[in-house]
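> File follows, coords.cif with mmCIF, C-alpha atoms and all ligand atoms:
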data_upload
#
loop_
_atom_site.label_atom_id
_atom_site.label_comp_id
_atom_site.auth_asym_id
_atom_site.auth_seq_id
_atom_site.Cartn_x
_atom_site.Cartn_y
_atom_site.Cartn_z
CA MET A 1 0.00 0.00 0.00
CA SER A 2 1.37 3.39 -0.89
CA GLU A 3 2.13 5.88 1.84
CA THR A 4 -0.52 8.41 2.96
CA LYS A 5 0.13 11.74 1.24
CA LYS A 6 0.14 14.90 3.30
CA LEU A 7 -1.42 18.29 2.70
CA TYR A 8 -1.26 21.36 4.89
CA VAL A 9 -2.63 24.80 5.52
CA ILE A 10 0.14 27.05 6.78
CA GLY A 11 -0.13 30.38 8.57
CA TRP A 12 1.23 32.36 11.55
CA PRO A 13 -0.43 32.22 13.86
CA ILE A 14 -2.67 29.51 12.52
CA GLU A 15 -5.76 29.84 14.58
CA HIS A 16 -8.46 27.27 14.27
CA SER A 17 -8.57 26.77 10.49
CA ARG A 18 -11.58 25.08 8.90
CA SER A 19 -9.56 23.87 5.91
CA PRO A 20 -8.62 20.50 7.51
CA LEU A 21 -12.31 19.81 8.21
CA ILE A 22 -13.28 20.62 4.63
CA HIS A 23 -10.50 18.75 2.83
CA ASN A 24 -10.56 15.70 5.10
CA HIS A 25 -14.31 15.48 4.46
CA TRP A 26 -13.66 15.23 0.72
CA ILE A 27 -10.63 12.95 1.13
CA LYS A 28 -12.87 10.53 3.01
CA LYS A 29 -15.76 10.97 0.59
CA TYR A 30 -13.58 10.15 -2.42
CA ASN A 31 -11.66 7.44 -0.57
CA LEU A 32 -8.22 8.98 -1.13
CA ASN A 33 -5.08 8.04 0.72
CA ALA A 34 -4.21 11.48 2.09
CA ILE A 35 -4.45 13.59 5.21
CA TYR A 36 -4.77 17.38 5.54
CA ALA A 37 -3.41 19.15 8.63
CA GLN A 38 -2.78 22.68 9.81
CA LYS A 39 0.75 23.81 10.50
CA ALA A 40 1.94 26.96 12.24
CA ILE A 41 4.94 28.30 10.34
CA ALA A 42 6.69 31.43 11.59
CA PRO A 43 7.88 33.81 8.85
CA ASP A 44 11.50 32.94 9.67
CA ASP A 45 10.80 29.24 9.14
CA LEU A 46 8.95 29.60 5.86
CA ALA A 47 11.94 29.09 3.57
CA GLU A 48 12.96 25.92 5.38
CA PHE A 49 9.42 24.56 5.21
CA ILE A 50 9.29 25.12 1.47
CA HIS A 51 12.73 23.77 0.71
CA THR A 52 12.37 20.59 2.70
CA LEU A 53 9.04 19.54 1.18
CA LYS A 54 9.24 16.21 -0.61
CA ARG A 55 7.10 15.49 -3.57
CA ASP A 56 6.55 11.83 -2.68
CA GLU A 57 5.32 12.79 0.81
CA CYS A 58 3.36 16.00 0.37
CA LEU A 59 0.91 16.85 -2.42
CA GLY A 60 0.91 20.56 -1.67
CA PHE A 61 -0.45 23.12 0.74
CA ASN A 62 -2.76 26.06 1.29
CA ILE A 63 -1.52 29.38 2.56
CA THR A 64 -3.17 31.85 4.83
CA ILE A 65 -2.14 35.10 6.53
CA PRO A 66 0.63 36.28 6.49
CA HIS A 67 2.37 34.04 3.93
CA LYS A 68 0.35 34.49 0.72
CA GLU A 69 2.83 36.89 -0.89
CA ALA A 70 6.01 35.36 0.58
CA VAL A 71 5.20 31.86 -0.67
CA PHE A 72 4.29 33.27 -4.06
CA GLU A 73 7.77 34.83 -4.20
CA ALA A 74 9.47 31.65 -3.03
CA VAL A 75 8.11 29.14 -5.54
CA GLN A 76 9.53 28.62 -9.01
CA ARG A 77 6.36 28.59 -11.11
CA ARG A 78 3.04 30.42 -10.97
CA ASP A 79 -0.12 30.33 -13.03
CA VAL A 80 -1.19 33.47 -14.86
CA LEU A 81 -3.79 34.58 -12.33
CA ALA A 82 -1.54 34.09 -9.28
CA ASN A 83 1.14 35.98 -11.15
CA LYS A 84 -1.18 38.87 -11.75
CA LEU A 85 -2.38 38.95 -8.14
CA GLY A 86 1.12 38.57 -6.71
CA ALA A 87 -0.23 36.18 -4.11
CA SER A 88 -1.06 32.50 -3.86
CA ASN A 89 -3.31 30.46 -1.61
CA THR A 90 -2.64 27.02 -3.14
CA ILE A 91 0.62 25.26 -3.92
CA SER A 92 0.96 22.00 -5.84
CA TRP A 93 3.67 20.21 -7.78
CA ARG A 94 4.12 20.56 -11.53
CA ASP A 95 6.84 18.34 -12.87
CA ASP A 96 9.27 18.51 -9.98
CA VAL A 97 8.81 22.09 -8.90
CA LEU A 98 6.28 23.88 -6.72
CA TYR A 99 3.52 25.67 -8.57
CA ALA A 100 1.43 28.60 -7.28
CA ASN A 101 -2.30 29.07 -7.89
CA ASN A 102 -4.79 31.48 -6.43
CA THR A 103 -8.32 30.09 -6.00
CA ASP A 104 -9.78 32.92 -3.87
CA GLY A 105 -11.40 34.78 -6.75
CA TYR A 106 -12.85 31.56 -8.15
CA GLY A 107 -14.23 30.83 -4.68
CA PHE A 108 -15.89 34.20 -4.42
CA TYR A 109 -17.40 34.19 -7.91
CA THR A 110 -18.61 30.59 -7.86
CA ASN A 111 -20.31 31.23 -4.54
CA LEU A 112 -21.88 34.44 -5.87
CA LEU A 113 -23.43 32.53 -8.77
CA ASP A 114 -24.50 29.73 -6.41
CA HIS A 115 -26.44 32.06 -4.14
CA SER A 116 -27.69 34.86 -6.39
CA ASP A 117 -28.67 35.48 -9.98
CA TRP A 118 -25.94 38.05 -10.55
CA ARG A 119 -25.65 38.98 -14.21
CA LYS A 120 -23.51 41.43 -16.12
CA THR A 121 -25.91 44.33 -16.03
CA ASP A 122 -25.18 48.01 -16.25
CA GLN A 123 -25.70 48.28 -12.51
CA PRO A 124 -22.53 49.16 -10.64
CA VAL A 125 -20.64 46.60 -8.60
CA ILE A 126 -19.19 48.21 -5.46
CA ILE A 127 -16.16 46.63 -3.84
CA TYR A 128 -15.67 47.84 -0.27
CA GLY A 129 -12.01 47.55 0.74
CA ALA A 130 -8.70 47.39 -1.09
CA GLY A 131 -6.66 44.72 0.73
CA GLY A 132 -5.59 41.23 -0.29
CA ALA A 133 -9.11 39.83 -0.52
CA ALA A 134 -10.29 42.82 -2.58
CA ARG A 135 -7.47 42.16 -5.03
CA ALA A 136 -8.65 38.63 -5.86
CA ILE A 137 -12.33 39.66 -5.94
CA LEU A 138 -11.74 42.71 -8.13
CA GLN A 139 -9.86 40.57 -10.62
CA ALA A 140 -12.59 37.92 -10.55
CA MET A 141 -15.39 40.46 -11.14
CA HIS A 142 -13.39 42.09 -13.90
CA ASP A 143 -12.73 38.72 -15.56
CA ALA A 144 -16.44 37.90 -15.22
CA GLY A 145 -17.17 40.96 -17.35
CA ALA A 146 -18.70 43.30 -14.77
CA PRO A 147 -18.93 46.50 -16.81
CA HIS A 148 -18.93 49.09 -14.01
CA ILE A 149 -16.79 48.43 -10.98
CA TYR A 150 -16.43 50.95 -8.16
CA ILE A 151 -14.05 50.74 -5.23
CA TYR A 152 -14.43 52.37 -1.88
CA ASN A 153 -11.64 52.20 0.69
CA ARG A 154 -10.88 54.10 3.89
CA THR A 155 -7.41 54.80 2.53
CA GLN A 156 -7.91 56.07 -1.00
CA ALA A 157 -4.25 55.70 -1.98
CA ARG A 158 -4.50 51.97 -1.41
CA ALA A 159 -7.44 51.70 -3.82
CA GLU A 160 -5.42 53.64 -6.40
CA LYS A 161 -2.49 51.28 -5.97
CA LEU A 162 -4.75 48.26 -6.33
CA LEU A 163 -6.12 49.46 -9.68
CA ALA A 164 -2.66 50.41 -10.92
CA ASP A 165 -1.20 47.03 -9.90
CA LEU A 166 -3.92 45.06 -11.65
CA GLY A 167 -4.27 47.43 -14.60
CA ILE A 168 -8.05 47.42 -14.22
CA GLN A 169 -10.26 50.36 -15.13
CA ALA A 170 -12.57 51.01 -12.22
CA THR A 171 -13.84 54.10 -10.47
CA ILE A 172 -12.70 55.07 -7.02
CA LEU A 173 -15.40 56.46 -4.76
CA THR A 174 -13.68 59.21 -2.85
CA GLY A 175 -16.03 59.74 0.05
CA LEU A 176 -19.27 58.75 1.71
CA THR A 177 -21.35 61.08 -0.46
CA GLU A 178 -20.07 59.37 -3.61
CA LEU A 179 -20.52 55.95 -2.04
CA ASN A 180 -24.13 56.75 -1.15
CA GLU A 181 -24.86 58.04 -4.63
CA CYS A 182 -23.41 54.91 -6.16
CA LEU A 183 -25.35 52.66 -3.80
CA GLN A 184 -28.59 54.03 -5.28
CA GLN A 185 -27.78 52.38 -8.61
CA ALA A 186 -25.74 49.41 -7.47
CA GLY A 187 -26.66 45.82 -8.25
CA LEU A 188 -24.00 44.30 -6.03
CA LEU A 189 -22.08 45.41 -2.94
CA ILE A 190 -19.19 43.29 -1.71
CA ASN A 191 -17.54 43.70 1.69
CA THR A 192 -13.95 42.48 1.26
CA THR A 193 -12.72 43.76 4.63
CA SER A 194 -12.81 42.01 7.99
CA LEU A 195 -15.31 44.58 9.32
CA GLY A 196 -18.16 42.72 11.00
CA MET A 197 -16.01 39.80 12.10
CA ASN A 198 -16.99 38.43 15.51
CA GLY A 199 -19.84 40.93 15.59
CA GLU A 200 -17.43 43.83 16.07
CA ASN A 201 -17.05 47.02 14.02
CA ASP A 202 -19.90 46.43 11.66
CA LEU A 203 -19.70 48.16 8.32
CA ASP A 204 -21.48 51.48 8.69
CA ILE A 205 -23.38 51.71 5.44
CA ASP A 206 -27.00 52.51 4.60
CA LEU A 207 -28.23 49.66 2.42
CA SER A 208 -31.75 51.11 2.19
CA LEU A 209 -30.33 53.28 -0.59
CA MET A 210 -29.82 50.21 -2.81
CA PRO A 211 -32.36 49.26 -5.48
CA LYS A 212 -34.82 46.44 -4.92
CA GLY A 213 -33.31 43.08 -5.77
CA ALA A 214 -29.73 44.21 -5.20
CA ILE A 215 -27.21 41.71 -3.87
CA VAL A 216 -25.04 42.19 -0.78
CA ALA A 217 -22.07 39.84 -0.37
CA ASP A 218 -19.72 39.52 2.58
CA ILE A 219 -16.46 37.60 2.83
CA VAL A 220 -16.72 37.42 6.62
CA TYR A 221 -18.28 34.15 7.85
CA THR A 222 -17.89 34.47 11.62
CA PRO A 223 -20.68 35.22 12.28
CA LEU A 224 -22.35 33.76 9.22
CA GLN A 225 -24.88 36.57 9.29
CA THR A 226 -22.80 39.71 9.74
CA GLY A 227 -24.41 43.01 10.71
CA LEU A 228 -24.21 44.00 7.04
CA LEU A 229 -26.01 40.86 5.88
CA LYS A 230 -28.63 41.23 8.62
CA GLN A 231 -29.36 44.76 7.46
CA ALA A 232 -29.61 43.51 3.86
CA ASP A 233 -31.86 40.65 4.86
CA ASP A 234 -34.15 42.94 6.85
CA LEU A 235 -34.48 45.14 3.76
CA GLY A 236 -35.35 42.15 1.56
CA LEU A 237 -32.11 42.35 -0.43
CA VAL A 238 -30.36 39.21 -1.71
CA THR A 239 -27.53 38.09 0.60
CA VAL A 240 -24.44 36.03 -0.11
CA ASP A 241 -22.46 34.95 2.96
CA GLY A 242 -18.72 34.36 3.25
CA LEU A 243 -18.78 30.65 4.06
CA GLY A 244 -19.46 29.65 0.46
CA MET A 245 -16.33 31.48 -0.71
CA LEU A 246 -14.26 29.48 1.75
CA LEU A 247 -15.80 26.21 0.55
CA HIS A 248 -15.45 26.97 -3.15
CA GLN A 249 -11.84 28.17 -2.95
CA ALA A 250 -11.13 24.91 -1.16
CA ALA A 251 -12.94 22.91 -3.85
CA LYS A 252 -10.74 24.41 -6.56
CA ALA A 253 -7.59 23.66 -4.54
CA PHE A 254 -8.77 20.08 -4.07
CA GLU A 255 -9.22 19.78 -7.82
CA ILE A 256 -5.67 21.04 -8.37
CA TRP A 257 -4.27 18.32 -6.08
CA PHE A 258 -6.56 15.38 -6.87
CA GLY A 259 -8.11 16.14 -10.27
CA ILE A 260 -11.60 15.95 -8.74
CA LEU A 261 -13.78 19.07 -8.34
CA PRO A 262 -15.70 18.10 -5.19
CA GLN A 263 -19.28 19.09 -4.58
CA VAL A 264 -19.98 21.95 -2.22
CA ASP A 265 -23.23 20.71 -0.70
CA GLU A 266 -25.41 21.36 2.32
CA GLU A 267 -23.85 18.44 4.19
CA LEU A 268 -20.43 20.11 4.04
CA ARG A 269 -21.86 23.54 4.84
CA ASP A 270 -23.58 22.10 7.92
CA LEU A 271 -20.37 20.36 8.99
CA VAL A 272 -18.40 23.59 8.87
CA LEU A 273 -21.25 25.63 10.37
CA ALA A 274 -21.27 23.34 13.39
CA ASP A 275 -17.59 24.18 13.87
CA LEU A 276 -17.89 27.97 13.63
P1 LIG B 301 -6.80 41.28 3.70
O1 LIG B 301 -5.53 40.80 3.11
O2 LIG B 301 -7.48 40.27 4.61
O3 LIG B 301 -7.75 41.86 2.71
P2 LIG B 301 -5.69 43.78 4.51
O4 LIG B 301 -4.81 43.70 3.33
O5 LIG B 301 -5.11 44.21 5.78
O6 LIG B 301 -6.38 42.40 4.77
O7 LIG B 301 -6.93 44.73 4.10
C1 LIG B 301 -7.87 45.09 5.02
C2 LIG B 301 -8.95 45.98 4.37
O8 LIG B 301 -9.90 46.30 5.37
C3 LIG B 301 -8.44 47.30 3.83
O9 LIG B 301 -9.24 47.70 2.75
C4 LIG B 301 -8.63 48.21 5.03
O10 LIG B 301 -8.71 49.60 4.74
P3 LIG B 301 -7.38 50.48 4.71
O11 LIG B 301 -6.70 50.19 3.40
O12 LIG B 301 -7.87 51.88 4.82
O13 LIG B 301 -6.55 50.06 5.90
C5 LIG B 301 -9.97 47.73 5.52
N1 LIG B 301 -10.21 48.08 6.90
C6 LIG B 301 -9.68 47.48 8.00
N2 LIG B 301 -10.15 48.05 9.11
C7 LIG B 301 -11.01 49.04 8.73
C8 LIG B 301 -11.82 50.00 9.43
N3 LIG B 301 -11.87 50.04 10.76
N4 LIG B 301 -12.58 50.84 8.68
C9 LIG B 301 -12.56 50.81 7.34
N5 LIG B 301 -11.80 49.93 6.62
C10 LIG B 301 -11.04 49.05 7.32
#
Could you express the structure from this file as structure tokens?


Amino acid sequence: MSETKKLYVIGWPIEHSRSPLIHNHWIKKYNLNAIYAQKAIAPDDLAEFIHTLKRDECLGFNITIPHKEAVFEAVQRRDVLANKLGASNTISWRDDVLYANNTDGYGFYTNLLDHSDWRKTDQPVIIYGAGGAARAILQAMHDAGAPHIYIYNRTQARAEKLLADLGIQATILTGLTELNECLQQAGLLINTTSLGMNGENDLDIDLSLMPKGAIVADIVYTPLQTGLLKQADDLGLVTVDGLGMLLHQAAKAFEIWFGILPQVDEELRDLVLADL
């Protein structure tokens, strides 16, 4: 019998990650000889971790904060999207070298389509935030053909840098008045910041300005219903929570390692929900 292959999620600190639960669920479901574990890797130990990985023992790994850029820099090959984003969340082997992918944008967009009927309309898409998550989501919405993308960030210079880095034409909303005006037309608002996590510092935004039928998406999934999503729900807007993004980015990573795109179903959602 061949040896059990290992997979990891690495981060520092690596708090309770749900990735082992998700991937081990699929590994069991598809009867694969592998095990997925979380590993705390300090920034100083990252190079050693990467250079001592053995292809016949480890199929690859996921990366979370703060290593997404550092690992991207350290590996020899990257796919086009990871290259553009300058960050990777999934590493696998190609030939005998490590290969970087980024499945975050896929995860966001697949989940959006799973839970809403978002279409490329003329209605603006507003991305709130300009950090690492915004980067992947902006690229995904651009690649999906969203015709009018707007970005709002507390620090405007960071939004400018984001657009310049990605070479994407989008409009920066420079203040709350502009944000509120844009909300009146918007078909989709996406919170890409951690605001609302653990019920703290909810996003202070008036969703009643949005048109009927508009979609509000959040990448935060603890709590599953953030203050933003509760406000949207109370107004009868369509809501897309952050858990689906986590599950779908994992599904794409699993496909990269095993060649199987696993189903993201209610059973898995319930499993992870019970662990939140
Ligand atoms: P990540 O990689 O998880 O996206 P990040 O790169 O630190 O994390 O980005 C965090 C995002 O949340 C940024 O858009 C940040 O705004 P700034 O660029 O102005 O810092 C936003 N953010 C964090 N705390 C915020 C707050 N209290 N109010 C408004 N925006 C906030």

> Check which residues of region 204-265 of chain A sit at most 12 Å from region 29-35 of chain A using all atoms listed in the file, and return one row each with the closest pair of atoms and their distance in Å to one decimal, ordered by chain and rising number, as CSV.


residue,atom,partner,partner_atom,distance
A:Phe254,CA,A:Tyr30,CA,11.2
A:Glu255,CA,A:Tyr30,CA,11.9
A:Trp257,CA,A:Ala34,CA,10.7
A:Phe258,CA,A:Leu32,CA,8.8
A:Gly259,CA,A:Tyr30,CA,11.3
A:Ile260,CA,A:Tyr30,CA,8.8
A:Leu261,CA,A:Tyr30,CA,10.7
A:Pro262,CA,A:Tyr30,CA,8.7
A:Gln263,CA,A:Lys29,CA,10.2

> Please provide the set of residues having any atom within 8 Å of Thr192 (chain A), restricted to only C-alpha atoms, with same-chain residues fewer than 3 positions apart removed, written as a list in words.

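Contacts, with the query itself left out: Ile127, Tyr128, Gly129, Ala130, Gly131, Ala133, Ala134, Ile137, Asp218, Ile219 and Val220 of chain A.
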
> Give me, as JSON lines, each residue of chain A that comes within 10 Å of ligand LIG 301 (chain B), together with its shortest interatomic pair and the distance in Å at one decimal, counting all atoms listed in the file, with rows ordered by chain and rising residue number.


{"residue": "A:Thr64", "atom": "CA", "partner": "B:LIG301", "partner_atom": "O1", "distance": 9.4}
{"residue": "A:Ile65", "atom": "CA", "partner": "B:LIG301", "partner_atom": "O1", "distance": 7.5}
{"residue": "A:Pro66", "atom": "CA", "partner": "B:LIG301", "partner_atom": "O1", "distance": 8.4}
{"residue": "A:Lys68", "atom": "CA", "partner": "B:LIG301", "partner_atom": "O1", "distance": 9.0}
{"residue": "A:Ile127", "atom": "CA", "partner": "B:LIG301", "partner_atom": "O9", "distance": 9.6}
{"residue": "A:Tyr128", "atom": "CA", "partner": "B:LIG301", "partner_atom": "O9", "distance": 7.1}
{"residue": "A:Gly129", "atom": "CA", "partner": "B:LIG301", "partner_atom": "O9", "distance": 3.4}
{"residue": "A:Ala130", "atom": "CA", "partner": "B:LIG301", "partner_atom": "O9", "distance": 3.9}
{"residue": "A:Gly131", "atom": "CA", "partner": "B:LIG301", "partner_atom": "O4", "distance": 3.4}
{"residue": "A:Gly132", "atom": "CA", "partner": "B:LIG301", "partner_atom": "O1", "distance": 3.4}
{"residue": "A:Ala133", "atom": "CA", "partner": "B:LIG301", "partner_atom": "O3", "distance": 4.1}
{"residue": "A:Ala134", "atom": "CA", "partner": "B:LIG301", "partner_atom": "O3", "distance": 5.9}
{"residue": "A:Arg135", "atom": "CA", "partner": "B:LIG301", "partner_atom": "O3", "distance": 7.8}
{"residue": "A:Ala136", "atom": "CA", "partner": "B:LIG301", "partner_atom": "O3", "distance": 9.2}
{"residue": "A:Ile151", "atom": "CA", "partner": "B:LIG301", "partner_atom": "O9", "distance": 9.8}
{"residue": "A:Tyr152", "atom": "CA", "partner": "B:LIG301", "partner_atom": "O9", "distance": 8.4}
{"residue": "A:Asn153", "atom": "CA", "partner": "B:LIG301", "partner_atom": "O9", "distance": 5.5}
{"residue": "A:Arg154", "atom": "CA", "partner": "B:LIG301", "partner_atom": "O12", "distance": 3.9}
{"residue": "A:Thr155", "atom": "CA", "partner": "B:LIG301", "partner_atom": "O12", "distance": 3.7}
{"residue": "A:Gln156", "atom": "CA", "partner": "B:LIG301", "partner_atom": "O12", "distance": 7.2}
{"residue": "A:Ala157", "atom": "CA", "partner": "B:LIG301", "partner_atom": "O11", "distance": 8.1}
{"residue": "A:Arg158", "atom": "CA", "partner": "B:LIG301", "partner_atom": "O11", "distance": 5.6}
{"residue": "A:Ala159", "atom": "CA", "partner": "B:LIG301", "partner_atom": "O11", "distance": 7.4}
{"residue": "A:Asn191", "atom": "CA", "partner": "B:LIG301", "partner_atom": "O8", "distance": 8.9}
{"residue": "A:Thr192", "atom": "CA", "partner": "B:LIG301", "partner_atom": "O3", "distance": 6.4}
{"residue": "A:Thr193", "atom": "CA", "partner": "B:LIG301", "partner_atom": "O8", "distance": 3.9}
{"residue": "A:Ser194", "atom": "CA", "partner": "B:LIG301", "partner_atom": "O8", "distance": 5.8}
{"residue": "A:Leu195", "atom": "CA", "partner": "B:LIG301", "partner_atom": "N2", "distance": 6.2}
{"residue": "A:Gly196", "atom": "CA", "partner": "B:LIG301", "partner_atom": "N3", "distance": 9.7}
{"residue": "A:Glu200", "atom": "CA", "partner": "B:LIG301", "partner_atom": "N3", "distance": 9.9}
{"residue": "A:Asn201", "atom": "CA", "partner": "B:LIG301", "partner_atom": "N3", "distance": 6.8}
{"residue": "A:Asp202", "atom": "CA", "partner": "B:LIG301", "partner_atom": "N3", "distance": 8.9}
{"residue": "A:Leu203", "atom": "CA", "partner": "B:LIG301", "partner_atom": "N4", "distance": 7.6}
{"residue": "A:Asp204", "atom": "CA", "partner": "B:LIG301", "partner_atom": "N4", "distance": 8.9}
{"residue": "A:Ile219", "atom": "CA", "partner": "B:LIG301", "partner_atom": "O2", "distance": 9.5}
{"residue": "A:Val220", "atom": "CA", "partner": "B:LIG301", "partner_atom": "O2", "distance": 9.9}

> Quick one: everything within 12 Å of Leu268 (chain A), counting only C-alpha atoms, minus sequence neighbours fewer than 6 positions away in the same chain. Send it as a list in words.

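Final neighbour list, sorted by chain and number: Arg18, Ser19, Leu21, Ile22, His23, Asn24, His25, Trp26, Lys29, Leu243, Gly244, Leu246, Leu247, His248, Ala250, Ala251, Pro262, Ala274 and Asp275 of chain A.
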
> Go through A:Glu57, A:Asp206, A:Asp165, A:Asp122 one by one, measure the shortest atom-to-atom distance of each to Ala186 (chain A) using all atoms listed in the file, and give the residue with the smallest value.

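Using all atoms listed in the file, Ala186 (chain A) sits closest to A:Asp122.
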
> Looking at A:Ile172, A:Ala164, A:Ile41, A:Met210, which one is nearest to Leu237 (chain A), with distances taken over all atoms listed in the file?

A:Met210

> Using all atoms listed in the file, which of A:Leu235, A:Ile14, A:Leu81, A:Val97 sits nearest His51 (chain A)?

A:Val97

> Quick check, in Å to one decimal: how far apart do CA of Thr239 (chain A) and CA of Leu162 (chain A) lie?

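Distance between the two atoms: 25.9 Å.
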
> Separation of CA of Ile190 (chain A) and CA of Thr103 (chain A), in Å?

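Going from CA of Ile190 (chain A) over to CA of Thr103 (chain A) covers 17.6 Å.
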
> How many Å lie between CA of Ile215 (chain A) and CA of Gly86 (chain A), rounded to one decimal?

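Straight-line distance from CA of Ile215 (chain A) to CA of Gly86 (chain A) works out to 28.6 Å.
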
> Taking all atoms listed in the file into account, which of A:Val71, A:Asn102, A:Ala253, A:Asp45 comes nearest Asn83 (chain A)?

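Using all atoms listed in the file, the shortest distance to Asn83 (chain A) belongs to A:Asn102.
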
> Counting all atoms listed in the file, which residue out of A:Ala42, A:Leu7, A:Leu112, A:Val125 sits closest to Ala217 (chain A)?

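Smallest separation from Ala217 (chain A) among the options: A:Leu112.
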
> In terms of the shortest atom-to-atom distance over all atoms listed in the file, which of A:Ala144, A:Val216, A:Ala47, A:Asn101 is closest to Ile126 (chain A)?

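Looking at the shortest contact to Ile126 (chain A), the residue is A:Val216.
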
> If we count all atoms listed in the file, what is near His115 (chain A) at a cut-off of 9 Å, once residues fewer than 4 positions away on the same chain are taken out, given as a short mmCIF file (atom, residue, chain, number, x, y, z; two decimals) with C-alpha atoms, in the frame of the given file?


data_model
loop_
_atom_site.label_atom_id
_atom_site.label_comp_id
_atom_site.auth_asym_id
_atom_site.auth_seq_id
_atom_site.Cartn_x
_atom_site.Cartn_y
_atom_site.Cartn_z
CA THR A 110 -18.61 30.59 -7.86
CA ASN A 111 -20.31 31.23 -4.54
CA VAL A 238 -30.36 39.21 -1.71
CA THR A 239 -27.53 38.09 0.60
CA VAL A 240 -24.44 36.03 -0.11
CA ASP A 241 -22.46 34.95 2.96
CA GLY A 244 -19.46 29.65 0.46
#

> Could you add whatever atoms are missing so that region 22-27 of chain A carries all heavy atoms, then write the result as a compact mmCIF listing (two decimals), in the frame of the given file?


# COMPACT_ATOMS: atom_id res chain seq x y z
N ILE A 22 -12.72 20.64 5.99
CA ILE A 22 -13.28 20.62 4.63
C ILE A 22 -12.56 19.58 3.77
O ILE A 22 -13.19 18.71 3.15
CB ILE A 22 -13.14 22.03 3.99
CG1 ILE A 22 -13.93 23.06 4.79
CG2 ILE A 22 -13.57 22.00 2.53
CD1 ILE A 22 -13.61 24.52 4.43
N HIS A 23 -11.24 19.66 3.73
CA HIS A 23 -10.50 18.75 2.83
C HIS A 23 -10.56 17.30 3.30
O HIS A 23 -10.68 16.39 2.47
CB HIS A 23 -9.06 19.24 2.68
CG HIS A 23 -8.96 20.44 1.80
ND1 HIS A 23 -9.11 20.38 0.43
CD2 HIS A 23 -8.80 21.75 2.09
CE1 HIS A 23 -9.00 21.60 -0.08
NE2 HIS A 23 -8.82 22.45 0.90
N ASN A 24 -10.49 17.09 4.62
CA ASN A 24 -10.56 15.70 5.10
C ASN A 24 -11.94 15.10 4.83
O ASN A 24 -12.06 13.89 4.62
CB ASN A 24 -10.18 15.62 6.58
CG ASN A 24 -8.68 15.83 6.76
OD1 ASN A 24 -7.87 15.37 5.94
ND2 ASN A 24 -8.29 16.51 7.82
N HIS A 25 -12.96 15.94 4.82
CA HIS A 25 -14.31 15.48 4.46
C HIS A 25 -14.32 14.93 3.03
O HIS A 25 -14.83 13.84 2.76
CB HIS A 25 -15.28 16.66 4.60
CG HIS A 25 -16.65 16.41 4.05
ND1 HIS A 25 -17.62 15.72 4.74
CD2 HIS A 25 -17.21 16.76 2.85
CE1 HIS A 25 -18.72 15.66 4.00
NE2 HIS A 25 -18.50 16.29 2.86
N TRP A 26 -13.69 15.68 2.12
CA TRP A 26 -13.66 15.23 0.72
C TRP A 26 -12.71 14.05 0.53
O TRP A 26 -12.99 13.15 -0.25
CB TRP A 26 -13.23 16.40 -0.18
CG TRP A 26 -14.28 17.46 -0.36
CD1 TRP A 26 -15.62 17.27 -0.42
CD2 TRP A 26 -14.05 18.87 -0.51
NE1 TRP A 26 -16.26 18.49 -0.59
CE2 TRP A 26 -15.32 19.48 -0.66
CE3 TRP A 26 -12.92 19.67 -0.54
CZ2 TRP A 26 -15.48 20.85 -0.85
CZ3 TRP A 26 -13.06 21.04 -0.72
CH2 TRP A 26 -14.33 21.62 -0.87
N ILE A 27 -11.59 14.07 1.24
CA ILE A 27 -10.63 12.95 1.13
C ILE A 27 -11.33 11.64 1.50
O ILE A 27 -11.19 10.63 0.82
CB ILE A 27 -9.40 13.22 2.04
CG1 ILE A 27 -8.50 14.29 1.40
CG2 ILE A 27 -8.61 11.95 2.30
CD1 ILE A 27 -7.40 14.85 2.31
